[in-house]
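Okay, structure first, notes after.
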Amino acid sequence: MSGDAAALNGREADTRAAVEVKALQAAGELAGARERFAELVARHQRRALRIAFHYVRDSADADEAVQDAFVKAYSHIGTFREDLPFEVWFTRILINGCLDRLKARKRREKWIVPTTVDASGIERNPADYLPSRGPSPEEHVLRQERRQQLHAALGQLPERQRLVFALSHFEGRSSREVSQLTGLNESTVRVHLFRAIRRLRGLLVKGGAKPGVGSRRVSRAAH
Amino acid sequence: MRLIDTVFRQGHLSERALVDAIVLGQRPQHLDRCDICAERAVGLARWMDELQSDAAGMADDVFSPERLQAQQQQVMRRLEQLDQPARVIAFPAASRSEANGATGRRVAVSWVGVAAAAGLVIGVISGQVSARLTQQPPAPSVAAATTIVTPTPEPVFAEVTPGPVDTSILDNPYETLEVPSLAALNYMTPRVTQTALKK
């Protein structure tokens, strides 16, 4: 309940900040507008990067997509409506940007062979190059392995399923929120989510992923 | 409980129903009665939690705090550039005129028509004027021309003697009498004989 209240306060603060940026821009106080917008950037940056990273599955692309989304949001803040949460408005901009990048990548991949082969000639998954922090080498190896499997399994999902899954599961959004963010019907969101979970479960359980220690959702569903 | 679950799953919940229960947070009453389904729900929820933490960890590993900071600075730099009005560099007048000369000066289309009409009018008028100016007076007859051009002999002064009038002078006055001071006038005036012939 306190989390919901905090989220509500956060949304109100976002909307207030966005309206202020809009007013400052209109008044020509651009330095002030940028300063206020920097707060929004700091608040939404990590979340935006997670969404973009899981959607486009490339850190550099995700980085650029998030930057572009912030710049676009700032330059088009005049079109922001107060009745819509800033988060929803911004995430829509981000998702559209990611979608454009995916389309562009598909066009490029028709002509360019991806370089996933390392110096020793072994084909590597891009997730292998991710830096990691682990308390012990064994845990580190296990976690890396699990993440590689997850990365590979996510890559096998259709784009829309991956997006819905990332938003609703990784970001903890409800079906209604995901529907608002993506513009999809709420029932369609649920169908995509279920299909994504079923497919991932099939892929990861077959791939040897074992369930770990449960937490929040266990208590919510089972008790 | 849905009918399909009752018929095909011996009354147990489908995976879809479990997912809905976990994702939507609406706990079905069946979970209180059925240990098997409760265990399945717990297993699924654990797996999903693990997936969530792995996914979040994967993204956070890639985007370290330093990288977030750098990105934030980059965003702010781009916003600053966006706010600065673009500088327009004025080209020197000479280059501009050269450029115009290279591409050709643009003339309003209406003036082309006016110039063509004016040219036509001026051409017609000047043609008429020049035709009138160059128009020759009626050409003299061949005989007169011959008379004029024919070199005259040395003037001979006949002695005027009283007596009967010599009418021969009337017949050929110019051959017999010529005054040097009147020679120019003589050339210009028609001869009596010529006028008589014309008549």
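Identifiers in this document derive from the order of the structure tokens: chains are assigned A, B, ..., residues are numbered from 1 separately in each chain, and ligands are numbered from 1 in order of occurrence.
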
Problem set entry | Polymer residues at most 12 Å from stretch 19-29 of chain B, only C-alpha atoms, same-chain spacing of 3 or more positions, as a ChimeraX atom specification | /A:165,168-170,172-176,187,189-198,201,216-223 /B:1-2,12-16,32-35,37-38,40-49

Problem set entry | Neighbour list for A:Val56 as an MDAnalysis selection string, cut-off 9 Å, only C-alpha atoms, skip fewer than 5 positions in-chain | chainID A and resid 51 61:62 98:99 101:102 159

Resulting file, chosen residues, C-alpha atoms, as a CSV table (one decimal), in the first residue's frame:
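The resulting file, part_34.csv, is shown below:
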```csv
chain,number,residue,atom,x,y,z
A,51,ILE,CA,12.9,-1.8,-20.9
A,61,ASP,CA,21.1,0.4,-29.1
A,62,ALA,CA,19.3,0.6,-25.8
A,98,CYS,CA,13.0,1.0,-29.9
A,99,LEU,CA,10.6,-0.4,-32.5
A,101,ARG,CA,15.6,0.6,-34.1
A,102,LEU,CA,14.5,-3.0,-34.4
A,159,GLU,CA,9.0,-8.9,-30.4
```

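When only C-alpha atoms are used to compute distances to chain A, the closest of the residues B:Pro85, B:His30, B:Ser110, B:Asp61 turns out to be B:Asp61.
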
For this session: Have a look at atom CA of A:Thr91 and atom CA of A:Thr182 and let me know their distance in Å, one decimal.
Result: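 Atom CA of A:Thr182 lies 8.5 Å from atom CA of A:Thr91.
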
Exercise. A:Glu20: which residues within 10 Å, counting only C-alpha atoms, same-chain residues fewer than 5 positions away excluded, as a PyMOL selection string?
Worked result: chain A and resi 14-15+25-26+32-33+36-37

Exercise. So, counting only C-alpha atoms, which residue among A:Ala27, A:Leu154, A:Ala42, A:Leu203 is closest to A:His54?
Worked result: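 Looking only at the distances to A:His54, the closest residue turns out to be A:Leu154.
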